[in-house]
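Pasted below: final_36.csv, CSV, C-alpha atoms and all ligand atoms.
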```csv
chain,number,residue,atom,x,y,z
A,1,MET,CA,11.4,-10.5,-85.5
A,2,TYR,CA,11.7,-9.2,-89.1
A,3,ASN,CA,10.3,-11.0,-92.0
A,4,ALA,CA,10.7,-10.3,-95.7
A,5,LYS,CA,7.4,-8.6,-95.9
A,6,SER,CA,8.0,-6.1,-93.1
A,7,LEU,CA,11.5,-5.4,-94.4
A,8,MET,CA,10.2,-4.7,-97.9
A,9,ARG,CA,7.5,-2.4,-96.4
A,10,ASP,CA,10.2,-0.6,-94.5
A,11,ARG,CA,12.3,-0.2,-97.6
A,12,TYR,CA,9.7,0.6,-100.3
A,13,GLY,CA,6.6,1.5,-98.3
A,14,LEU,CA,4.9,-1.2,-100.3
A,15,ASP,CA,3.5,-4.6,-99.4
A,16,ILE,CA,5.6,-7.2,-101.2
A,17,ASP,CA,5.5,-10.8,-100.1
A,18,LEU,CA,8.6,-12.8,-100.8
A,19,ALA,CA,9.2,-16.4,-99.7
A,20,VAL,CA,12.9,-15.9,-99.2
A,21,LYS,CA,15.2,-16.5,-96.3
A,22,ILE,CA,16.6,-13.2,-95.2
A,23,THR,CA,20.2,-13.4,-94.0
A,24,PRO,CA,21.4,-11.1,-91.1
A,25,THR,CA,23.5,-9.2,-93.7
A,26,MET,CA,20.5,-8.6,-95.9
A,27,GLU,CA,18.4,-7.6,-92.9
A,28,GLY,CA,21.0,-5.1,-91.8
A,29,MET,CA,21.2,-3.6,-95.3
A,30,LEU,CA,17.4,-3.4,-95.8
A,31,LEU,CA,17.2,-1.6,-92.5
A,32,HIS,CA,19.9,0.9,-93.4
A,33,ARG,CA,19.2,4.5,-92.4
A,34,SER,CA,21.7,7.4,-92.1
A,35,CYS,CA,22.1,8.6,-88.6
A,36,ARG,CA,22.4,12.3,-87.6
A,37,ALA,CA,22.1,12.0,-83.8
A,38,TYR,CA,24.7,10.3,-81.6
A,39,THR,CA,25.1,9.7,-77.9
A,40,GLY,CA,28.6,11.1,-77.8
A,41,GLN,CA,30.1,7.8,-76.4
A,42,ASP,CA,33.5,7.0,-77.8
A,43,ILE,CA,34.3,4.2,-80.2
A,44,ASP,CA,37.0,1.7,-79.3
A,45,GLU,CA,40.1,1.9,-81.6
A,46,GLY,CA,40.1,-1.9,-82.0
A,47,LEU,CA,36.6,-1.8,-83.4
A,48,LEU,CA,37.5,1.1,-85.7
A,49,ASN,CA,40.4,-0.8,-87.1
A,50,VAL,CA,38.3,-3.8,-87.9
A,51,LEU,CA,35.7,-1.5,-89.6
A,52,LEU,CA,38.5,0.0,-91.6
A,53,ALA,CA,39.7,-3.5,-92.6
A,54,CYS,CA,36.1,-4.2,-93.7
A,55,ALA,CA,36.2,-1.0,-95.8
A,56,GLN,CA,39.5,-2.1,-97.4
A,57,SER,CA,37.9,-5.5,-98.2
A,58,ALA,CA,35.7,-3.9,-100.8
A,59,PRO,CA,36.4,-4.8,-104.4
A,60,SER,CA,38.6,-2.4,-106.3
A,61,LYS,CA,39.2,-1.8,-110.0
A,62,SER,CA,42.2,-4.1,-111.0
A,63,ASN,CA,43.0,-4.0,-107.3
A,64,LEU,CA,44.5,-0.6,-108.0
A,65,GLN,CA,43.0,0.6,-104.6
A,66,GLN,CA,43.0,4.3,-105.8
A,67,TYR,CA,41.5,5.7,-102.6
A,68,SER,CA,42.6,6.7,-99.1
A,69,ILE,CA,40.8,7.3,-95.8
A,70,VAL,CA,41.6,10.0,-93.3
A,71,VAL,CA,40.5,9.3,-89.7
A,72,VAL,CA,39.8,12.5,-87.8
A,73,ARG,CA,39.5,12.4,-84.0
A,74,ASP,CA,41.4,15.5,-83.0
A,75,ALA,CA,39.2,18.2,-81.4
A,76,ASP,CA,40.9,21.2,-83.0
A,77,ARG,CA,40.7,19.7,-86.5
A,78,ARG,CA,37.1,18.7,-86.0
A,79,ALA,CA,36.3,22.2,-84.8
A,80,ALA,CA,37.9,23.6,-88.0
A,81,ILE,CA,35.8,21.3,-90.1
A,82,ALA,CA,32.6,22.3,-88.2
A,83,LYS,CA,33.4,25.9,-88.8
A,84,LEU,CA,33.8,25.3,-92.5
A,85,VAL,CA,30.6,23.2,-92.8
A,86,PRO,CA,28.1,24.8,-90.4
A,87,GLY,CA,25.3,22.6,-91.8
A,88,LEU,CA,26.9,19.7,-89.8
A,89,LEU,CA,26.1,21.3,-86.5
A,90,PRO,CA,25.1,20.3,-83.9
A,91,TRP,CA,25.1,16.6,-84.5
A,92,PHE,CA,28.7,16.4,-85.9
A,93,GLU,CA,29.9,17.3,-82.5
A,94,THR,CA,28.4,14.1,-81.0
A,95,ALA,CA,30.0,11.8,-83.5
A,96,PRO,CA,33.4,10.7,-81.9
A,97,ILE,CA,34.9,9.9,-85.3
A,98,PHE,CA,34.8,11.6,-88.6
A,99,LEU,CA,36.3,9.9,-91.7
A,100,CYS,CA,37.0,11.3,-95.1
A,101,PHE,CA,37.1,9.0,-98.1
A,102,LEU,CA,39.4,10.3,-100.8
A,103,GLY,CA,40.1,9.6,-104.4
A,104,ASP,CA,43.9,8.9,-104.5
A,105,LEU,CA,45.6,9.3,-107.9
A,106,ARG,CA,48.9,10.2,-106.2
A,107,ARG,CA,49.9,6.8,-104.9
A,108,ILE,CA,50.2,5.1,-108.3
A,109,ARG,CA,51.8,8.1,-109.9
A,110,ARG,CA,54.5,7.9,-107.2
A,111,LEU,CA,54.9,4.2,-107.8
A,112,ALA,CA,55.3,4.8,-111.6
A,113,LYS,CA,58.2,7.2,-110.7
A,114,LEU,CA,59.6,4.6,-108.3
A,115,ARG,CA,59.5,1.9,-110.9
A,116,SER,CA,60.7,4.3,-113.7
A,117,ARG,CA,57.5,3.8,-115.8
A,118,ASN,CA,55.5,6.2,-117.8
A,119,TYR,CA,52.1,7.2,-116.3
A,120,GLN,CA,49.6,7.6,-119.1
A,121,ASN,CA,46.3,7.6,-117.2
A,122,ASN,CA,45.4,11.1,-116.2
A,123,ASN,CA,41.9,10.5,-117.7
A,124,SER,CA,38.3,10.4,-116.8
A,125,ASP,CA,38.2,6.6,-116.6
A,126,THR,CA,40.9,6.6,-113.9
A,127,PHE,CA,39.0,9.3,-112.1
A,128,MET,CA,35.8,7.3,-112.1
A,129,ASN,CA,37.6,4.2,-110.9
A,130,ALA,CA,39.0,6.1,-108.0
A,131,CYS,CA,35.5,7.4,-107.1
A,132,VAL,CA,33.9,4.0,-107.4
A,133,ASP,CA,36.7,2.4,-105.3
A,134,ALA,CA,36.2,5.0,-102.5
A,135,GLY,CA,32.4,4.7,-102.7
A,136,LEU,CA,32.5,0.9,-102.3
A,137,ALA,CA,35.0,1.1,-99.4
A,138,MET,CA,32.7,3.7,-97.7
A,139,GLN,CA,29.7,1.4,-98.2
A,140,ASN,CA,31.5,-1.6,-96.8
A,141,PHE,CA,32.4,0.6,-93.7
A,142,VAL,CA,28.8,1.6,-93.3
A,143,THR,CA,27.4,-1.9,-93.5
A,144,ALA,CA,30.0,-3.2,-91.1
A,145,ALA,CA,29.5,-0.3,-88.7
A,146,GLU,CA,25.7,-0.7,-88.7
A,147,SER,CA,26.1,-4.4,-88.0
A,148,ALA,CA,28.0,-3.4,-84.9
A,149,GLY,CA,25.2,-1.1,-83.8
A,150,LEU,CA,26.9,2.1,-84.9
A,151,GLY,CA,25.2,4.8,-87.0
A,152,THR,CA,26.9,6.7,-89.8
A,153,CYS,CA,26.1,9.6,-92.2
A,154,PRO,CA,28.0,10.3,-95.5
A,155,ILE,CA,28.8,14.0,-95.9
A,156,SER,CA,29.3,15.6,-99.4
A,157,MET,CA,28.9,19.0,-97.8
A,158,ILE,CA,32.6,18.9,-97.2
A,159,ARG,CA,32.9,19.7,-100.9
A,160,ASP,CA,31.1,23.1,-100.4
A,161,GLN,CA,34.5,24.6,-99.4
A,162,ILE,CA,36.6,21.9,-100.9
A,163,ALA,CA,40.0,23.7,-101.1
A,164,MET,CA,39.9,24.8,-97.5
A,165,PHE,CA,38.7,21.4,-96.4
A,166,ALA,CA,41.6,19.8,-98.4
A,167,ASP,CA,44.0,22.1,-96.6
A,168,ILE,CA,42.6,21.1,-93.1
A,169,LEU,CA,43.5,17.4,-94.0
A,170,GLN,CA,46.8,18.5,-95.7
A,171,LEU,CA,45.9,16.7,-98.9
A,172,PRO,CA,48.7,16.7,-101.4
A,173,ASN,CA,48.3,17.0,-105.2
A,174,GLY,CA,46.5,14.1,-106.8
A,175,VAL,CA,44.2,13.4,-103.8
A,176,PHE,CA,40.7,14.7,-103.6
A,177,PRO,CA,37.8,14.5,-101.1
A,178,ILE,CA,34.8,12.4,-102.2
A,179,ALA,CA,32.8,12.2,-99.0
A,180,GLY,CA,33.1,12.5,-95.3
A,181,LEU,CA,31.4,10.0,-92.9
A,182,THR,CA,30.3,10.7,-89.3
A,183,ILE,CA,30.3,7.7,-87.0
A,184,GLY,CA,28.8,7.3,-83.6
A,185,TRP,CA,26.4,5.4,-81.4
A,186,PRO,CA,22.9,6.3,-82.5
A,187,LYS,CA,20.7,8.3,-80.1
A,188,ASN,CA,17.5,7.0,-81.7
A,189,THR,CA,16.5,4.4,-84.3
A,190,GLY,CA,15.5,7.1,-86.8
A,191,VAL,CA,13.1,6.6,-89.8
A,192,SER,CA,14.2,4.8,-92.9
A,193,ALA,CA,13.8,6.7,-96.2
A,194,VAL,CA,11.6,4.8,-98.7
A,195,ARG,CA,13.3,4.0,-102.0
A,196,LEU,CA,12.1,4.3,-105.5
A,197,PRO,CA,10.2,1.1,-106.6
A,198,ALA,CA,12.4,-1.6,-108.1
A,199,SER,CA,10.4,-1.2,-111.3
A,200,THR,CA,11.9,2.3,-111.7
A,201,VAL,CA,15.5,1.4,-111.0
A,202,VAL,CA,15.9,-2.2,-112.0
A,203,HIS,CA,15.4,-3.0,-115.7
A,204,ARG,CA,15.1,-6.5,-117.0
A,205,GLU,CA,17.2,-7.3,-120.0
A,206,VAL,CA,17.0,-3.9,-121.5
A,207,TYR,CA,16.4,-0.3,-120.2
A,208,ASN,CA,12.8,0.7,-120.1
A,209,ASP,CA,11.5,3.8,-118.3
A,210,ALA,CA,8.0,3.9,-119.9
A,211,ASN,CA,6.3,3.8,-116.5
A,212,LEU,CA,8.3,6.6,-114.9
A,213,GLU,CA,5.6,9.2,-114.5
A,214,ALA,CA,3.1,6.9,-112.8
A,215,ASP,CA,5.9,5.3,-110.7
A,216,ILE,CA,7.0,8.7,-109.4
A,217,GLU,CA,3.5,9.9,-108.6
A,218,GLU,CA,3.1,6.9,-106.3
A,219,TYR,CA,6.6,7.1,-104.9
A,220,ASP,CA,6.1,10.8,-104.0
A,221,LEU,CA,3.0,9.8,-102.0
A,222,ARG,CA,4.7,7.0,-100.2
A,223,ALA,CA,7.8,9.1,-99.4
A,224,HIS,CA,5.6,11.9,-98.1
A,225,GLU,CA,3.5,9.5,-96.0
A,226,ARG,CA,6.7,8.0,-94.4
A,227,LYS,CA,8.5,11.3,-93.8
A,228,PRO,CA,7.2,14.7,-95.0
A,229,ILE,CA,9.8,17.1,-96.2
A,230,GLU,CA,9.6,19.9,-93.6
A,231,PRO,CA,10.1,23.6,-94.6
A,232,ASP,CA,13.7,23.6,-93.5
A,233,GLY,CA,14.4,20.7,-95.9
A,234,GLN,CA,12.8,22.3,-98.9
A,235,ARG,CA,15.4,23.4,-101.4
A,236,LEU,CA,15.9,26.8,-102.9
A,237,LYS,CA,12.9,28.4,-101.1
A,238,ASP,CA,14.0,31.8,-102.2
A,239,ILE,CA,13.3,30.8,-105.8
A,240,PHE,CA,10.5,28.3,-105.5
A,241,GLY,CA,8.8,29.2,-102.2
A,242,GLU,CA,7.7,27.2,-99.3
A,243,VAL,CA,5.0,24.7,-99.9
A,244,GLU,CA,2.7,22.7,-97.6
A,245,ILE,CA,3.5,19.4,-99.3
A,246,CYS,CA,6.9,19.2,-100.9
A,247,THR,CA,7.3,15.9,-102.7
A,248,TRP,CA,10.5,14.1,-103.4
A,249,SER,CA,10.4,14.9,-107.1
A,250,ASP,CA,9.6,18.5,-106.4
A,251,ASN,CA,12.6,18.8,-104.0
A,252,VAL,CA,15.2,17.0,-106.1
A,253,THR,CA,14.3,19.0,-109.2
A,254,ARG,CA,14.4,22.2,-107.1
A,255,GLN,CA,17.9,21.1,-105.9
A,256,LEU,CA,19.3,20.4,-109.3
A,257,SER,CA,17.9,23.5,-111.0
A,258,GLU,CA,21.0,25.3,-110.0
A,259,PRO,CA,24.6,24.0,-110.6
A,260,GLU,CA,26.0,22.3,-107.5
A,261,ARG,CA,29.6,22.9,-106.6
A,262,PRO,CA,30.6,24.4,-110.0
A,263,LEU,CA,34.2,25.0,-108.8
A,264,PHE,CA,34.9,21.3,-108.4
A,265,ARG,CA,36.7,20.9,-111.8
A,266,GLU,CA,38.8,24.0,-111.0
A,267,PHE,CA,39.7,22.5,-107.6
A,268,LEU,CA,40.8,19.2,-109.3
A,269,ARG,CA,43.0,21.2,-111.8
A,270,SER,CA,44.5,23.1,-108.9
A,271,ARG,CA,45.5,19.8,-107.4
A,272,GLY,CA,47.2,18.5,-110.5
A,273,ILE,CA,44.3,16.5,-111.7
A,274,HIS,CA,43.9,17.4,-115.4
A,275,LEU,CA,41.7,14.7,-117.0
A,276,SER,CA,41.7,13.8,-120.6
B,1,LIG,C1,27.9,10.5,-101.4
B,1,LIG,C2,26.8,10.9,-100.4
B,1,LIG,C3,26.9,12.2,-99.8
B,1,LIG,C4,26.0,12.6,-98.8
B,1,LIG,N1,26.1,13.8,-98.3
B,1,LIG,C5,25.3,14.2,-97.3
B,1,LIG,C6,25.5,15.4,-96.6
B,1,LIG,O1,26.3,16.2,-97.0
B,1,LIG,N2,24.6,15.7,-95.6
B,1,LIG,C7,23.7,14.9,-95.1
B,1,LIG,O2,23.0,15.2,-94.2
B,1,LIG,N3,23.5,13.6,-95.7
B,1,LIG,C8,24.3,13.3,-96.8
B,1,LIG,N4,24.1,12.0,-97.4
B,1,LIG,C9,23.1,11.1,-96.8
B,1,LIG,C10,21.9,11.1,-97.8
B,1,LIG,O3,21.2,12.3,-97.6
B,1,LIG,C11,21.1,9.8,-97.4
B,1,LIG,O4,21.8,8.7,-97.7
B,1,LIG,C12,19.8,9.8,-98.2
B,1,LIG,O5,19.0,10.9,-97.9
B,1,LIG,C13,19.0,8.5,-98.0
B,1,LIG,O6,18.8,8.3,-96.6
B,1,LIG,P1,19.2,7.0,-95.9
B,1,LIG,O7,20.7,6.9,-96.0
B,1,LIG,O8,18.8,7.2,-94.5
B,1,LIG,O9,18.5,5.9,-96.5
B,1,LIG,C14,25.0,11.6,-98.4
B,1,LIG,C15,25.0,10.4,-98.9
B,1,LIG,C16,25.9,10.0,-99.9
B,1,LIG,C17,25.8,8.6,-100.5
```
Serialized structure, structure tokens:
Amino acid sequence: MYNAKSLMRDRYGLDIDLAVKITPTMEGMLLHRSCRAYTGQDIDEGLLNVLLACAQSAPSKSNLQQYSIVVVRDADRRAAIAKLVPGLLPWFETAPIFLCFLGDLRRIRRLAKLRSRNYQNNNSDTFMNACVDAGLAMQNFVTAAESAGLGTCPISMIRDQIAMFADILQLPNGVFPIAGLTIGWPKNTGVSAVRLPASTVVHREVYNDANLEADIEEYDLRAHERKPIEPDGQRLKDIFGEVEICTWSDNVTRQLSEPERPLFREFLRSRGIHLS
């Protein structure tokens, strides 16, 4: 049903003909889209456990496995999260499971004590390794879940009120939220978001962004054609106003013209994460 050309068109909005055998895993990944509308039907605990094992199958720096995952099903706890992150409503309520992927610098610190060793790695490198480990685990979960017909959506909005969110999950020192993930049976197939052309992101042998401006002009057009950014998705309208055509590059530069979550570093420090 899908061939390489239609999958490439779906991903990039471009006609790219490739004489390549597409495997089912590739097909699933090329058709990825985040899902923000679920039927409300429950997810079997056995399936969840297999998906979590897929998450844990991801590579991890030195096999240090510096991440944890909290599974949230409890109605009261979910209501507390929804109250804290109103942007998640109403679709959050139809996702039977919410996961939170955490960087976990606590476990190995505890092991160091247990084995009577010094711990000398409160540093940015360890912090990055923990974030990458958690991100890879989350992506493995997403790929496996989508292959089973489920839909997911990562949620960084949980970091808007990070200290209160961490308290809801009773996170101890050394453990910090990276992203939430809603999981449910999709209500509709959704529309895929076109990606930047490979020529912008993939560099051959050495880095070269000489063609950035032209690439972005074209990408903005394709992204708009696929899915216009509606007024409610236009960032910082109080500063930049509402426009009829809001392009991807307009919107991302609007978004990042103000600091996002400036209190994150302070939160980390308050949780015993002082990075050198
Ligand atoms: C780390 C991370 C955090 C995200 N946070 C949110 C979020 O808070 N709210 C949301 O609606 N989508 C969130 N997303 C989903 C992205 O908006 C989505 O992946 C992106 O727009 C591309 O769309 P696609 O996943 O459908 O291809 C997040 C994705 C990632 C990887």
Can you check which parts of chain A lie within 7 Å of ligand LIG 1 (chain B)? Per residue, the shortest pair of atoms and distance in Å to one decimal, counting only C-alpha atoms and all ligand atoms, sorted by chain and number, as CSV.
```
residue,atom,partner,partner_atom,distance
A:His32,CA,B:LIG1,O9,6.0
A:Arg33,CA,B:LIG1,O8,3.4
A:Ser34,CA,B:LIG1,O8,3.8
A:Cys35,CA,B:LIG1,O8,6.9
A:Cys153,CA,B:LIG1,C9,5.7
A:Pro154,CA,B:LIG1,C14,4.4
A:Ile155,CA,B:LIG1,O1,3.5
A:Ser156,CA,B:LIG1,N1,3.8
A:Met157,CA,B:LIG1,O1,3.9
A:Ile158,CA,B:LIG1,O1,6.9
A:Ala179,CA,B:LIG1,C1,5.7
A:Ser192,CA,B:LIG1,O8,5.4
A:Ala193,CA,B:LIG1,O9,4.8
```
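Among the candidate residues A:Ala112, A:Leu84, A:Ile239, A:Ala95, the one lying nearest to Glu258 of chain A is A:Ile239, with distances computed using all atoms listed in the file.
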All residues 9 Å or closer to Val132 of chain A, all atoms listed in the file, same chain fewer than 4 positions away omitted, as a VMD selection string: chain A and resid 60 to 61 103 127 to 128 136 to 137
Residue neighbourhood Ser57 of chain A, 12 Å, all atoms listed in the file, exclusion window fewer than 5 positions, as a list in words: Val50, Leu51, Leu52, Asn63, Gln65, Asp133, Ala134, Leu136, Ala137, Met138, Gln139, Asn140, Phe141 and Ala144 of chain A
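The spacing separating atom CA of Asp76 of chain A from atom CA of Leu263 of chain A amounts to 26.9 Å.
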Proximity to Ala198 of chain A - best of A:Gly135, A:Phe92, A:Leu14, A:Ala130, all atoms listed in the file: A:Leu14
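Here atom CA of Val71 of chain A and atom CA of Glu266 of chain A stand 25.9 Å from one another.
The shortest atom-to-atom distance to Leu99 of chain A, with only C-alpha atoms taken into account, belongs to A:Leu181 out of A:Ile229, A:Ile168, A:Leu181, A:Leu150.
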